[in-house]
Amino acid sequence: MSSIRKIAMSLGTVACAIGIGFFVQKGETESIAPVKAIQTAVVKPTMGPIHDQDAMLDIQGITLTSALPNPISPQRLVEPQPDLSNSPCVVTATATPAPMASVDLVVLAPCFRNDRATVHHNGMIFTDATDVNGMLRKTIPALTENAVFIVAFASSKGAVATTQVPDLADYHRVVLQWTGESAFQIHAREFGADYGTAGHVWFGMDNAESLDRQGTIIQLGDANAVVPQLVEIYSFPRSMSQQSGTVSMTIEAEVTVDNCGKDIAAQTIELSGGSGLKTRDLVLSVPDCTTIGDFLVLNNLVDDMKIAAN
């Protein structure tokens, strides 16, 4: 990339205050979606714990009350609840181990056909939809060896599925998740690869097999839904690598007509070879709409991967 010029901007916060500086980088290769400029930022995020079921959720309308002394408990008529154990409206979910430390999740919800469903897994959240028969099937990269998946519908109906993922320690993994049309992306450049070369891994790349590409990336969630919750996951098979070196990781956001001049939020989750999960939250102030087509490149938001040959 050449012809670099600096732009001074103020961004949002990552849990506490964060200072980020931007650059504009010109001349992307043709294999990347055409852009006018690349802006680069250095981010110093704060880390926080993962909350499996409430990550990135806004809890409102909670009122605290204190108990009265010797409260009177009036008798109330309780409406009997029907037994739905044999009802076709029961939602079921099953999880079975899949290749590459992943899980095949199958949801059966015959009363929720073409309906929105939210899937939770160790802080990772995405929304999708059942088909005309009320089925949802996804292959999901796991984040814990004892993998638990929660599926919820808007009506409060849902199901839980669990399975074991014994090969999880063989993989490094980076998760990026956001809500709405924020246009976030994961970019991994393996072992010194440049943008647009075979070792550059991102969701918009050519998916043809390449010996120079070892990691894989998928996106989960229905991007066409109203206010979608989307996830991108980059996985690297560290125990099967024949090379030593570094996988350079960046998080990028394209400036679009939907996000220009707005604050956008995202969260990352990192898994290093089966060790504990590390999360970072980001709030980013996108430049105004005169910069549509530019890319904000956030360095240091996730750690580069250090790979040893096996």
# chains A, B, ... in the order shown; residues from 1 in each chain; ligands from 1
$ residues_around --residues "range 110-125 of chain A" --least-positions-apart "6" --cutoff "10 Å" --atoms "only C-alpha atoms" --output "ChimeraX atom specification"
/A:49-57,87-92,131-136,140-144,147-155,157-160,175-179,220-222,225-226,228-231,267-269,277,279
$ closest_residue --among "A:Ala98, A:Ala253, A:Gln185, A:Gly215" --to "Ser285 in chain A" --atoms "only C-alpha atoms"
A:Ala253
$ select_by_dssp --residues "range 184-302 of chain A" --states "strand (DSSP E)" --output "mmCIF file with C-alpha atoms, in the first residue's frame"
data_model
loop_
_atom_site.group_PDB
_atom_site.id
_atom_site.type_symbol
_atom_site.label_atom_id
_atom_site.label_comp_id
_atom_site.auth_asym_id
_atom_site.auth_seq_id
_atom_site.Cartn_x
_atom_site.Cartn_y
_atom_site.Cartn_z
ATOM 1 C CA PHE A 184 -17.293 -5.364 10.238
ATOM 2 C CA GLN A 185 -14.785 -7.921 8.902
ATOM 3 C CA ILE A 186 -11.978 -10.186 10.157
ATOM 4 C CA HIS A 187 -8.792 -10.186 8.064
ATOM 5 C CA ALA A 188 -6.024 -12.756 8.658
ATOM 6 C CA ARG A 189 -2.730 -12.596 6.757
ATOM 7 C CA GLU A 190 -0.917 -15.881 7.242
ATOM 8 C CA HIS A 200 -4.985 -13.448 2.957
ATOM 9 C CA VAL A 201 -8.099 -14.938 4.597
ATOM 10 C CA THR A 216 -10.741 -20.886 7.441
ATOM 11 C CA ILE A 217 -13.416 -18.266 8.024
ATOM 12 C CA ILE A 218 -17.200 -18.494 8.198
ATOM 13 C CA GLN A 219 -20.054 -16.095 8.905
ATOM 14 C CA LEU A 220 -23.095 -17.071 10.960
ATOM 15 C CA GLN A 229 -26.858 -10.308 14.966
ATOM 16 C CA LEU A 230 -23.903 -11.576 12.938
ATOM 17 C CA VAL A 231 -20.705 -13.461 13.725
ATOM 18 C CA GLU A 232 -17.495 -14.075 11.786
ATOM 19 C CA ILE A 233 -15.140 -16.807 13.019
ATOM 20 C CA TYR A 234 -11.560 -17.362 11.861
ATOM 21 C CA SER A 235 -10.043 -20.735 12.809
ATOM 22 C CA PHE A 236 -6.422 -21.857 12.441
ATOM 23 C CA GLY A 245 5.524 -17.832 11.936
ATOM 24 C CA THR A 246 2.811 -15.280 12.569
ATOM 25 C CA VAL A 247 -0.769 -14.878 11.454
ATOM 26 C CA SER A 248 -1.404 -11.117 11.444
ATOM 27 C CA MET A 249 -4.942 -10.296 12.575
ATOM 28 C CA THR A 250 -6.913 -7.092 11.948
ATOM 29 C CA ILE A 251 -10.528 -6.075 12.428
ATOM 30 C CA GLU A 252 -11.891 -3.819 9.693
ATOM 31 C CA ALA A 253 -15.082 -1.874 9.094
ATOM 32 C CA GLU A 254 -16.145 -0.484 5.745
ATOM 33 C CA ASP A 263 -21.222 4.965 16.366
ATOM 34 C CA ILE A 264 -20.989 1.214 15.773
ATOM 35 C CA ALA A 265 -20.227 -1.517 18.305
ATOM 36 C CA ALA A 266 -18.644 -4.954 18.134
ATOM 37 C CA GLN A 267 -17.148 -7.597 20.381
ATOM 38 C CA THR A 268 -14.246 -9.996 19.859
ATOM 39 C CA ILE A 269 -13.671 -13.367 21.509
ATOM 40 C CA GLU A 270 -10.258 -15.046 21.266
ATOM 41 C CA LEU A 271 -9.469 -18.693 21.905
ATOM 42 C CA SER A 272 -5.837 -19.786 21.916
ATOM 43 C CA LEU A 277 -11.523 -17.139 26.327
ATOM 44 C CA LYS A 278 -10.583 -13.459 26.097
ATOM 45 C CA THR A 279 -13.109 -10.786 25.116
ATOM 46 C CA ARG A 280 -12.854 -7.156 24.071
ATOM 47 C CA ASP A 281 -15.663 -4.666 23.458
ATOM 48 C CA LEU A 282 -15.416 -1.843 20.929
ATOM 49 C CA VAL A 283 -17.432 1.284 20.186
ATOM 50 C CA LEU A 284 -16.222 3.044 17.042
ATOM 51 C CA SER A 285 -17.173 6.476 15.677
ATOM 52 C CA PHE A 295 -12.063 0.937 5.384
ATOM 53 C CA LEU A 296 -11.237 1.489 9.027
ATOM 54 C CA VAL A 297 -8.458 -0.929 9.958
ATOM 55 C CA LEU A 298 -8.131 -1.610 13.675
ATOM 56 C CA ASN A 299 -4.749 -3.008 14.625
#
$ select_by_dssp --residues "range 58-291 of chain A" --states "helix (DSSP H, G or I)" --output "PyMOL selection string"
chain A and resi 168-170+238-240+289-291
$ residues_around --residues "Pro166 in chain A" --least-positions-apart "4" --cutoff "9 Å" --atoms "only C-alpha atoms" --output "list in words"
Pro97, Ala101, Glu145 and Asn146 of chain A
$ write_last_selection --atoms "C-alpha atoms" --output "PDB file, in the first residue's frame"
ATOM      1  CA  PRO A  97     -19.366 -33.153  17.210  1.00  0.00           C
ATOM      2  CA  ALA A 101     -13.593 -28.628  16.477  1.00  0.00           C
ATOM      3  CA  GLU A 145     -14.719 -28.429  25.038  1.00  0.00           C
ATOM      4  CA  ASN A 146     -17.958 -28.947  26.951  1.00  0.00           C
TER       5      ASN A 146
END
$ atom_distance --atom1 "CA of Tyr171 in chain A" --atom2 "CA of Asp128 in chain A"
25.5 Å
$ atom_distance --atom1 "CA of Phe203 in chain A" --atom2 "CA of Gly273 in chain A"
22.1 Å
$ atom_distance --atom1 "CA of Ala183 in chain A" --atom2 "CA of Asn300 in chain A"
18.8 Å
